[in-house]
$ cat target_13.txt   # compact mmCIF, C-alpha atoms and all ligand atoms
# COMPACT_ATOMS: atom_id res chain seq x y z
CA MET U 1 0.00 0.00 0.00
CA ASP U 2 1.56 3.28 -1.10
CA VAL U 3 0.56 5.58 1.72
CA ALA U 4 2.17 8.61 0.13
CA ALA U 5 0.24 8.23 -3.13
CA VAL U 6 -3.10 8.02 -1.32
CA VAL U 7 -2.36 10.86 1.10
CA GLU U 8 -1.31 13.08 -1.79
CA ARG U 9 -4.81 12.88 -3.24
CA VAL U 10 -6.49 14.17 -0.06
CA PRO U 11 -5.82 17.92 -0.50
CA ALA U 12 -7.02 17.64 -4.10
CA GLY U 13 -10.46 16.68 -2.80
CA ASP U 14 -10.38 12.96 -3.60
CA ARG U 15 -13.11 11.58 -1.36
CA ARG U 16 -12.08 7.94 -1.64
CA ALA U 17 -8.55 8.83 -0.63
CA LEU U 18 -9.94 10.89 2.26
CA ALA U 19 -12.12 8.02 3.45
CA ARG U 20 -9.21 5.62 3.29
CA VAL U 21 -6.85 7.91 5.19
CA LEU U 22 -9.48 8.39 7.91
CA THR U 23 -9.74 4.61 8.22
CA TRP U 24 -5.99 4.48 8.74
CA VAL U 25 -6.31 7.14 11.43
CA GLU U 26 -9.00 5.08 13.11
CA ASP U 27 -6.92 1.88 12.95
CA GLY U 28 -4.06 3.76 14.53
CA SER U 29 -0.99 2.03 13.08
CA PRO U 30 1.72 4.37 14.44
CA ARG U 31 3.98 4.13 11.41
CA ARG U 32 1.23 4.94 8.92
CA LEU U 33 -0.21 7.66 11.17
CA ARG U 34 3.17 9.29 11.29
CA GLU U 35 3.38 9.41 7.53
CA VAL U 36 -0.19 10.68 7.16
CA VAL U 37 0.28 13.43 9.73
CA GLY U 38 3.77 14.32 8.49
CA ARG U 39 2.45 14.91 4.99
CA LEU U 40 -0.82 16.64 5.87
CA HIS U 41 0.15 18.80 8.84
CA PRO U 42 1.77 21.52 6.69
CA LEU U 43 -1.49 21.83 4.74
CA SER U 44 -3.73 22.07 7.79
CA GLY U 45 -4.60 25.03 10.01
CA ARG U 46 -6.95 26.77 7.62
CA ALA U 47 -10.31 25.25 8.56
CA ARG U 48 -12.56 26.65 11.25
CA LEU U 49 -12.94 23.89 13.80
CA VAL U 50 -16.34 23.86 15.45
CA GLY U 51 -17.18 21.43 18.26
CA ILE U 52 -20.75 20.46 19.05
CA THR U 53 -21.29 18.62 22.28
CA GLY U 54 -24.12 17.86 24.65
CA SER U 55 -26.07 15.03 26.27
CA PRO U 56 -27.24 12.06 24.22
CA GLY U 57 -30.33 12.91 22.16
CA VAL U 58 -30.17 16.65 22.71
CA GLY U 59 -30.17 17.11 18.94
CA LYS U 60 -26.48 17.49 18.09
CA SER U 61 -26.69 15.64 14.78
CA THR U 62 -29.88 17.42 13.73
CA LEU U 63 -28.20 20.70 14.65
CA THR U 64 -25.07 19.79 12.72
CA ASN U 65 -27.17 18.91 9.71
CA ALA U 66 -28.98 22.25 9.92
CA LEU U 67 -25.71 24.14 10.30
CA VAL U 68 -24.25 22.31 7.31
CA ARG U 69 -27.27 23.39 5.26
CA HIS U 70 -26.74 26.98 6.41
CA TRP U 71 -23.02 27.01 5.65
CA ARG U 72 -23.50 25.37 2.27
CA ALA U 73 -26.04 28.03 1.33
CA ALA U 74 -23.35 30.57 2.24
CA GLY U 75 -20.91 28.80 -0.09
CA ARG U 76 -18.73 27.18 2.58
CA THR U 77 -17.61 23.57 2.37
CA VAL U 78 -17.99 21.42 5.49
CA GLY U 79 -16.37 18.29 6.89
CA VAL U 80 -18.17 16.54 9.75
CA LEU U 81 -16.64 14.15 12.23
CA ALA U 82 -19.08 12.38 14.55
CA VAL U 83 -17.11 10.88 17.40
CA ASP U 84 -18.74 7.91 18.98
CA PRO U 85 -17.21 7.10 22.34
CA SER U 86 -18.95 3.78 22.93
CA SER U 87 -19.64 2.43 19.49
CA PRO U 88 -20.84 -1.06 20.44
CA PHE U 89 -23.86 0.49 22.13
CA THR U 90 -24.73 3.35 19.82
CA GLY U 91 -24.59 1.68 16.43
CA GLY U 92 -28.22 2.71 16.05
CA ALA U 93 -27.40 6.34 16.67
CA LEU U 94 -24.71 6.27 14.02
CA LEU U 95 -27.12 4.76 11.56
CA GLY U 96 -29.52 7.56 12.49
CA ASP U 97 -26.78 10.12 11.82
CA ARG U 98 -26.26 8.70 8.38
CA VAL U 99 -29.95 9.05 7.69
CA ARG U 100 -29.98 12.59 9.06
CA MET U 101 -27.03 13.57 6.89
CA GLN U 102 -28.55 11.89 3.84
CA GLU U 103 -29.54 15.19 2.30
CA HIS U 104 -25.83 16.04 1.93
CA VAL U 105 -24.47 12.76 0.53
CA LEU U 106 -24.48 13.92 -3.07
CA ASP U 107 -22.96 17.29 -2.24
CA PRO U 108 -19.22 17.31 -3.03
CA GLY U 109 -18.85 20.22 -0.60
CA VAL U 110 -19.81 18.04 2.38
CA PHE U 111 -18.04 15.05 3.84
CA VAL U 112 -19.42 13.17 6.84
CA ARG U 113 -17.53 10.58 8.80
CA SER U 114 -18.18 8.71 12.05
CA LEU U 115 -15.17 7.87 14.13
CA ALA U 116 -15.33 4.99 16.56
CA SER U 117 -12.79 4.87 19.34
CA ARG U 118 -13.06 1.11 19.66
CA GLY U 119 -9.80 -0.75 19.32
CA HIS U 120 -7.70 2.38 19.36
CA LEU U 121 -4.94 2.42 21.93
CA GLY U 122 -5.21 6.05 22.87
CA GLY U 123 -8.97 6.15 22.34
CA LEU U 124 -10.58 9.45 21.48
CA SER U 125 -7.65 11.50 22.61
CA VAL U 126 -5.30 10.28 19.90
CA ALA U 127 -7.55 9.51 16.95
CA THR U 128 -9.69 12.66 16.99
CA PRO U 129 -7.01 15.33 16.58
CA GLN U 130 -5.47 13.33 13.73
CA ALA U 131 -8.83 12.95 12.01
CA LEU U 132 -9.52 16.68 12.39
CA LEU U 133 -6.12 17.43 10.93
CA VAL U 134 -6.89 15.23 7.91
CA LEU U 135 -10.26 16.95 7.29
CA ASP U 136 -8.61 20.34 7.74
CA ALA U 137 -5.89 19.47 5.22
CA ALA U 138 -8.57 18.20 2.84
CA GLY U 139 -9.52 21.85 2.48
CA PHE U 140 -12.96 22.13 4.07
CA ASP U 141 -13.79 25.66 5.18
CA VAL U 142 -15.51 24.42 8.32
CA VAL U 143 -14.82 21.18 10.17
CA VAL U 144 -17.40 20.12 12.74
CA VAL U 145 -16.72 17.55 15.44
CA GLU U 146 -19.80 16.15 17.19
CA THR U 147 -19.19 14.47 20.54
CA VAL U 148 -21.54 13.22 23.21
CA GLY U 149 -20.72 15.24 26.30
CA VAL U 150 -20.81 12.58 28.95
CA GLY U 151 -17.39 12.59 30.53
CA GLN U 152 -13.87 13.91 30.73
CA ALA U 153 -12.70 12.33 27.47
CA GLU U 154 -15.50 14.07 25.59
CA VAL U 155 -14.76 17.35 27.29
CA GLU U 156 -11.18 17.05 26.08
CA VAL U 157 -12.35 16.33 22.58
CA ALA U 158 -14.63 19.36 22.71
CA ALA U 159 -11.59 21.40 23.63
CA LEU U 160 -10.03 20.48 20.28
CA ALA U 161 -12.26 22.97 18.50
CA ASP U 162 -11.71 26.68 17.96
CA THR U 163 -15.32 27.23 18.98
CA THR U 164 -17.30 24.78 21.07
CA VAL U 165 -21.08 24.82 21.03
CA VAL U 166 -22.65 23.16 24.06
CA ALA U 167 -26.19 22.10 23.31
CA VAL U 168 -28.79 21.52 26.01
CA ALA U 169 -32.51 20.88 25.79
CA PRO U 170 -35.37 22.03 28.02
CA GLY U 171 -36.52 19.73 30.79
CA MET U 172 -34.77 16.88 32.55
CA GLY U 173 -32.42 19.38 34.20
CA ASP U 174 -30.20 19.09 31.16
CA ALA U 175 -28.19 22.20 31.94
CA ILE U 176 -27.51 20.89 35.41
CA GLN U 177 -26.49 17.50 33.99
CA ALA U 178 -24.11 19.26 31.64
CA ALA U 179 -22.68 21.24 34.52
CA LYS U 180 -22.02 18.06 36.44
CA ALA U 181 -20.24 16.48 33.49
CA GLY U 182 -18.06 19.58 33.28
CA ILE U 183 -19.06 20.38 29.73
CA LEU U 184 -20.46 23.85 30.41
CA GLU U 185 -16.96 25.04 31.15
CA VAL U 186 -15.82 24.37 27.59
CA ALA U 187 -18.75 26.29 26.08
CA ASP U 188 -18.01 29.23 23.82
CA VAL U 189 -21.61 29.31 22.64
CA PHE U 190 -24.64 27.84 24.40
CA CYS U 191 -27.43 26.40 22.33
CA ILE U 192 -30.82 25.63 23.80
CA ASN U 193 -32.10 23.19 21.22
CA LYS U 194 -35.65 21.86 21.14
CA ALA U 195 -36.71 25.37 22.04
CA ASP U 196 -40.15 24.36 20.72
CA ARG U 197 -40.56 22.38 23.93
CA GLU U 198 -41.85 23.62 27.21
CA GLY U 199 -39.25 24.83 29.68
CA ALA U 200 -36.88 26.71 27.36
CA ASP U 201 -37.18 29.86 29.48
CA ARG U 202 -36.25 27.98 32.59
CA THR U 203 -33.26 26.37 30.85
CA ALA U 204 -32.14 29.81 29.70
CA ARG U 205 -32.30 31.01 33.32
CA GLU U 206 -30.27 28.00 34.49
CA LEU U 207 -27.67 28.66 31.84
CA ARG U 208 -27.43 32.34 32.69
CA ASP U 209 -26.82 31.37 36.30
CA MET U 210 -24.01 29.09 35.19
CA GLN U 211 -22.40 31.54 32.81
CA ALA U 212 -20.29 32.57 35.75
CA LEU U 213 -18.35 29.34 35.15
CA ALA U 214 -17.35 30.43 31.68
CA HIS U 215 -13.76 31.30 30.91
CA GLY U 216 -12.60 34.85 31.48
CA ASP U 217 -13.46 37.70 29.20
CA TRP U 218 -15.75 35.99 26.73
CA LEU U 219 -19.36 35.69 27.80
CA PRO U 220 -20.80 32.73 25.88
CA PRO U 221 -23.98 33.81 24.13
CA ILE U 222 -27.12 31.72 24.63
CA GLN U 223 -28.90 30.85 21.40
CA ARG U 224 -32.25 29.09 21.08
CA THR U 225 -32.81 26.71 18.18
CA VAL U 226 -35.28 24.23 16.81
CA ALA U 227 -32.82 22.16 14.84
CA SER U 228 -35.52 20.03 13.24
CA THR U 229 -37.07 23.07 11.52
CA GLY U 230 -33.94 25.20 11.21
CA GLU U 231 -35.32 27.94 13.44
CA GLY U 232 -32.56 29.93 15.11
CA VAL U 233 -29.82 28.11 13.22
CA ALA U 234 -28.69 31.16 11.23
CA ALA U 235 -28.34 33.08 14.49
CA LEU U 236 -26.40 30.18 16.00
CA ALA U 237 -24.03 30.21 13.03
CA GLU U 238 -23.65 33.96 13.53
CA ALA U 239 -22.78 33.41 17.18
CA VAL U 240 -20.14 30.87 16.13
CA ASP U 241 -18.68 33.40 13.68
CA GLY U 242 -18.83 36.07 16.38
CA HIS U 243 -16.79 33.93 18.71
CA ARG U 244 -14.30 33.22 15.97
CA ALA U 245 -13.93 36.96 15.28
CA TRP U 246 -13.31 37.57 18.97
CA LEU U 247 -10.72 34.78 19.07
CA THR U 248 -8.83 36.28 16.15
CA GLY U 249 -9.10 39.86 17.34
CA SER U 250 -7.97 39.10 20.88
CA GLY U 251 -5.07 36.87 19.90
CA ARG U 252 -6.76 33.94 21.62
CA LEU U 253 -6.92 31.85 18.47
CA ALA U 254 -3.14 31.56 18.36
CA GLN U 255 -3.06 30.80 22.12
CA ARG U 256 -5.72 28.15 21.76
CA ARG U 257 -3.98 26.52 18.83
CA THR U 258 -0.67 26.44 20.67
CA ALA U 259 -2.36 24.86 23.69
CA ARG U 260 -3.91 22.30 21.38
CA ALA U 261 -0.59 21.56 19.70
CA LEU U 262 0.94 21.08 23.13
CA SER U 263 -1.61 18.50 24.18
CA HIS U 264 -1.33 16.78 20.80
CA VAL U 265 2.45 16.45 21.09
CA ARG U 266 2.11 15.30 24.68
CA GLU U 267 -0.46 12.66 23.70
CA ILE U 268 1.78 11.27 21.00
CA ALA U 269 4.81 11.19 23.30
CA LEU U 270 2.87 9.59 26.15
CA GLU U 271 1.42 7.07 23.75
CA ALA U 272 4.92 6.13 22.59
CA LEU U 273 6.08 5.78 26.19
CA ARG U 274 3.07 3.69 27.09
CA ALA U 275 3.62 1.45 24.10
CA GLY U 276 7.24 0.97 25.20
CA LEU U 277 6.21 0.13 28.74
CA GLY U 278 3.63 -2.24 27.31
CA ASP U 279 6.44 -4.27 25.77
CA LEU U 280 8.16 -4.26 29.11
CA GLY U 281 4.98 -5.40 30.84
CA GLU U 282 5.11 -8.63 28.87
CA GLY U 283 8.69 -9.22 29.92
CA ALA U 284 10.40 -10.71 32.92
CA LEU U 285 11.81 -7.49 34.40
CA LEU U 286 8.50 -6.03 35.51
CA ASP U 287 7.37 -9.39 36.94
CA ALA U 288 10.57 -9.71 38.92
CA LEU U 289 10.30 -6.15 40.21
CA ALA U 290 6.65 -6.63 41.15
CA GLN U 291 7.51 -9.72 43.19
CA ARG U 292 10.18 -7.82 45.06
CA VAL U 293 7.83 -4.91 45.75
CA ALA U 294 5.13 -7.29 47.01
CA ALA U 295 7.72 -9.00 49.23
CA ARG U 296 8.67 -5.56 50.64
CA GLU U 297 12.24 -5.92 49.43
CA LEU U 298 11.87 -2.85 47.24
CA ASP U 299 9.59 0.17 47.41
CA PRO U 300 7.49 0.91 44.30
CA TYR U 301 9.42 4.13 43.51
CA ALA U 302 12.75 2.32 43.55
CA ALA U 303 11.22 -0.31 41.27
CA ALA U 304 9.95 2.39 38.90
CA ASP U 305 13.48 3.84 38.86
CA GLN U 306 14.78 0.51 37.61
CA VAL U 307 12.15 0.51 34.86
CA LEU U 308 13.12 4.03 33.78
CA VAL U 309 16.85 3.29 33.86
CA THR U 310 16.23 0.19 31.76
CA PHE U 311 14.64 2.52 29.17
CA GLY U 312 17.68 4.75 29.26
CA ARG U 313 15.88 7.47 31.19
CA GLN U 314 16.63 9.35 34.37
CA PRO U 315 15.36 7.80 37.57
CA LEU U 316 12.66 9.77 39.40
CA ARG U 317 14.04 12.84 41.13
CA PRO U 318 13.66 12.81 44.90
CA SER U 319 11.21 15.72 44.58
CA ASP U 320 8.89 13.47 42.56
CA ARG U 321 8.67 11.06 45.45
CA PRO U 322 6.21 11.22 48.32
CA THR U 323 7.29 13.23 51.35
CA SER U 324 7.47 10.14 53.53
CA ASP U 325 10.20 8.71 51.26
CA ARG U 326 12.18 11.90 51.32
CA ALA U 327 12.08 12.05 55.10
CA GLY U 328 13.77 8.65 55.14
CA GLU U 329 16.54 9.81 52.83
CA GLY U 330 17.98 12.62 54.98
N1 LIG B 1 -38.88 18.75 19.05
C1 LIG B 1 -37.65 18.78 18.61
N2 LIG B 1 -37.02 17.63 18.32
C2 LIG B 1 -35.74 17.70 17.89
C3 LIG B 1 -35.08 18.93 17.72
N3 LIG B 1 -33.81 18.67 17.31
C4 LIG B 1 -33.70 17.34 17.22
N4 LIG B 1 -34.86 16.74 17.56
C5 LIG B 1 -35.12 15.29 17.60
O1 LIG B 1 -34.41 14.74 18.69
C6 LIG B 1 -33.97 13.42 18.41
C7 LIG B 1 -32.47 13.28 18.65
O2 LIG B 1 -31.79 14.08 17.73
P1 LIG B 1 -30.26 13.82 17.35
O3 LIG B 1 -29.89 14.91 16.41
O4 LIG B 1 -30.06 12.42 16.91
O5 LIG B 1 -29.57 14.01 18.75
P2 LIG B 1 -28.04 13.75 19.12
O6 LIG B 1 -27.74 14.69 20.21
O7 LIG B 1 -27.19 13.81 17.91
O8 LIG B 1 -28.09 12.27 19.65
P3 LIG B 1 -26.83 11.29 19.94
O9 LIG B 1 -25.84 11.48 18.83
O10 LIG B 1 -27.47 9.93 19.96
O11 LIG B 1 -26.32 11.71 21.27
C8 LIG B 1 -34.37 13.17 16.96
O12 LIG B 1 -35.56 12.44 16.94
C9 LIG B 1 -34.58 14.56 16.40
O13 LIG B 1 -35.49 14.58 15.34
C10 LIG B 1 -35.79 20.13 18.03
O14 LIG B 1 -35.28 21.26 17.94
N5 LIG B 1 -37.06 19.99 18.48
MG MG B 2 -25.78 12.41 17.13

$ encode --input "target_13.txt" --output "structure tokens"
Amino acid sequence: MDVAAVVERVPAGDRRALARVLTWVEDGSPRRLREVVGRLHPLSGRARLVGITGSPGVGKSTLTNALVRHWRAAGRTVGVLAVDPSSPFTGGALLGDRVRMQEHVLDPGVFVRSLASRGHLGGLSVATPQALLVLDAAGFDVVVVETVGVGQAEVEVAALADTTVVAVAPGMGDAIQAAKAGILEVADVFCINKADREGADRTARELRDMQALAHGDWLPPIQRTVASTGEGVAALAEAVDGHRAWLTGSGRLAQRRTARALSHVREIALEALRAGLGDLGEGALLDALAQRVAARELDPYAAADQVLVTFGRQPLRPSDRPTSDRAGEG
């Protein structure tokens, strides 16, 4: 398989090549990933990355679909990545997404892809930034990543976007749920979807109360939508653009992208370290060390030192050790 030849066709808009490269990203073979990212990274950084997150069923996919329609009417091309954190259980939802996005399948300006984290060593944290990078390099004006906001991993994925829309729906204390999951804190724009339902005013009040949690000098606007009819979607898109303009004007876009690059590099490095330690875990050294630790012949920090030294790295500095250990050293 000539990776280079396939990757080369991605920026030219070859959809089959794009689909294939995204499958490679999902499979996560480190050698191939490295080549994909090495070739496409210089071409990325132009797309607007928009995250859409929120509780299951809040209407994220319907909202994405409506936003895609809006952006297409404005002449922008859109790539969509639907990240599915627990694919064995939500196969139905993915099928539903495909049906919802059906209206765009024949549009060469739209590309929709679901990304399952199943089987991937680093899970969402490694595959998603790479997939976003690929879609970005493919030349889409806007790249949307839809994630179910149910836990820390999803919050991190939401933080991959330039602008994150947190969607809630009236009733069921959805805003409070979102607050508990920590997803309100990543919101740049709030969307109260299903605003056709009773309780939208109350949800708006709850959100306003929680706006205090928002980061610093940007007050996330609260936008009501009925994604299924398209009501409020133009205003939501405007709010997304407004946030983007603020990011650029305030210099925050560069800051955000540097922070993202940092976590991306760290993820890759940690993944490599973990993979190395994984090899060690199969071997005799770790077993032998574990037996000695269990027998109280060695403390766990001293054992970890031996692991690190075996990998040609510095042993833990005394300051990394618990205070009780250090007291014993003096
Ligand atoms: N009444 C009403 N129903 C809506 C609205 N938006 C979406 N729905 C419906 O809500 C259901 C869930 O919508 P989805 O778009 O699949 O929600 P989701 O958040 O993507 O769901 P998951 O990806 O499974 O977490 C569907 O039956 C939609 O038709 C809305 O504004 N009002
Ligand atoms: Mg969905």

$ closest_residue --input "target_13.txt" --among "U:Gln223, U:Thr53, U:Gln211, U:Thr163" --to "ligand LIG 1 (chain B)" --atoms "all atoms listed in the file"
U:Thr53

$ closest_residue --input "target_13.txt" --among "U:Ile192, U:Leu286, U:Ile268, U:Ala137" --to "U:Val307" --atoms "only C-alpha atoms"
U:Leu286

$ residues_around --input "target_13.txt" --residues "U:Asp141" --least-positions-apart "2" --cutoff "9 Å" --atoms "all atoms listed in the file" --output "JSON list (two decimals) with C-alpha atoms, in the coordinates of the input"
[["chain", "number", "residue", "atom", "x", "y", "z"],
["U", 46, "ARG", "CA", -6.95, 26.77, 7.62],
["U", 47, "ALA", "CA", -10.31, 25.25, 8.56],
["U", 48, "ARG", "CA", -12.56, 26.65, 11.25],
["U", 49, "LEU", "CA", -12.94, 23.89, 13.80],
["U", 76, "ARG", "CA", -18.73, 27.18, 2.58],
["U", 77, "THR", "CA", -17.61, 23.57, 2.37],
["U", 78, "VAL", "CA", -17.99, 21.42, 5.49],
["U", 79, "GLY", "CA", -16.37, 18.29, 6.89],
["U", 136, "ASP", "CA", -8.61, 20.34, 7.74],
["U", 139, "GLY", "CA", -9.52, 21.85, 2.48],
["U", 143, "VAL", "CA", -14.82, 21.18, 10.17]]

$ closest_residue --input "target_13.txt" --among "U:Asn65, U:Gln291, U:Thr128, U:Ser228" --to "ligand LIG 1 (chain B)" --atoms "only C-alpha atoms and all ligand atoms"
U:Ser228

$ closest_residue --input "target_13.txt" --among "U:Val226, U:Ala169, U:His104, U:Glu146" --to "ligand LIG 1 (chain B)" --atoms "only C-alpha atoms and all ligand atoms"
U:Val226

$ closest_residue --input "target_13.txt" --among "U:Arg224, U:Arg205, U:Arg31, U:His264" --to "U:Ala239" --atoms "all atoms listed in the file"
U:Arg224

$ atom_distance --input "target_13.txt" --atom1 "atom CA of U:Leu22" --atom2 "atom CA of U:Gly38"
14.5 Å

$ decode --input "target_13.txt" --residues "stretch 293-305 of chain U" --atoms "N, CA and C atoms" --output "PDB file, in the first residue's frame"
ATOM      1  N   VAL U 293       8.617  -5.961  45.078  1.00  0.00           N
ATOM      2  CA  VAL U 293       7.830  -4.913  45.748  1.00  0.00           C
ATOM      3  C   VAL U 293       6.810  -5.559  46.684  1.00  0.00           C
ATOM      4  N   ALA U 294       6.138  -6.612  46.188  1.00  0.00           N
ATOM      5  CA  ALA U 294       5.129  -7.292  47.007  1.00  0.00           C
ATOM      6  C   ALA U 294       5.766  -7.920  48.241  1.00  0.00           C
ATOM      7  N   ALA U 295       7.009  -8.370  48.099  1.00  0.00           N
ATOM      8  CA  ALA U 295       7.717  -8.997  49.226  1.00  0.00           C
ATOM      9  C   ALA U 295       8.362  -7.960  50.144  1.00  0.00           C
ATOM     10  N   ARG U 296       8.134  -6.662  49.833  1.00  0.00           N
ATOM     11  CA  ARG U 296       8.671  -5.557  50.642  1.00  0.00           C
ATOM     12  C   ARG U 296      10.197  -5.499  50.618  1.00  0.00           C
ATOM     13  N   GLU U 297      10.778  -6.052  49.564  1.00  0.00           N
ATOM     14  CA  GLU U 297      12.240  -5.918  49.425  1.00  0.00           C
ATOM     15  C   GLU U 297      12.604  -4.602  48.756  1.00  0.00           C
ATOM     16  N   LEU U 298      11.631  -4.046  48.044  1.00  0.00           N
ATOM     17  CA  LEU U 298      11.865  -2.848  47.237  1.00  0.00           C
ATOM     18  C   LEU U 298      10.609  -1.997  47.351  1.00  0.00           C
ATOM     19  N   ASP U 299      10.816  -0.638  47.429  1.00  0.00           N
ATOM     20  CA  ASP U 299       9.590   0.168  47.406  1.00  0.00           C
ATOM     21  C   ASP U 299       9.205   0.441  45.954  1.00  0.00           C
ATOM     22  N   PRO U 300       7.947   0.771  45.699  1.00  0.00           N
ATOM     23  CA  PRO U 300       7.493   0.911  44.302  1.00  0.00           C
ATOM     24  C   PRO U 300       8.235   2.000  43.522  1.00  0.00           C
ATOM     25  N   TYR U 301       8.679   3.066  44.215  1.00  0.00           N
ATOM     26  CA  TYR U 301       9.419   4.130  43.513  1.00  0.00           C
ATOM     27  C   TYR U 301      10.783   3.631  43.053  1.00  0.00           C
ATOM     28  N   ALA U 302      11.447   2.871  43.923  1.00  0.00           N
ATOM     29  CA  ALA U 302      12.752   2.323  43.552  1.00  0.00           C
ATOM     30  C   ALA U 302      12.592   1.358  42.375  1.00  0.00           C
ATOM     31  N   ALA U 303      11.484   0.609  42.383  1.00  0.00           N
ATOM     32  CA  ALA U 303      11.220  -0.309  41.274  1.00  0.00           C
ATOM     33  C   ALA U 303      10.986   0.467  39.978  1.00  0.00           C
ATOM     34  N   ALA U 304      10.211   1.565  40.090  1.00  0.00           N
ATOM     35  CA  ALA U 304       9.955   2.394  38.903  1.00  0.00           C
ATOM     36  C   ALA U 304      11.266   2.975  38.373  1.00  0.00           C
ATOM     37  N   ASP U 305      12.164   3.351  39.286  1.00  0.00           N
ATOM     38  CA  ASP U 305      13.483   3.840  38.862  1.00  0.00           C
ATOM     39  C   ASP U 305      14.177   2.811  37.977  1.00  0.00           C
TER      40      ASP U 305
END
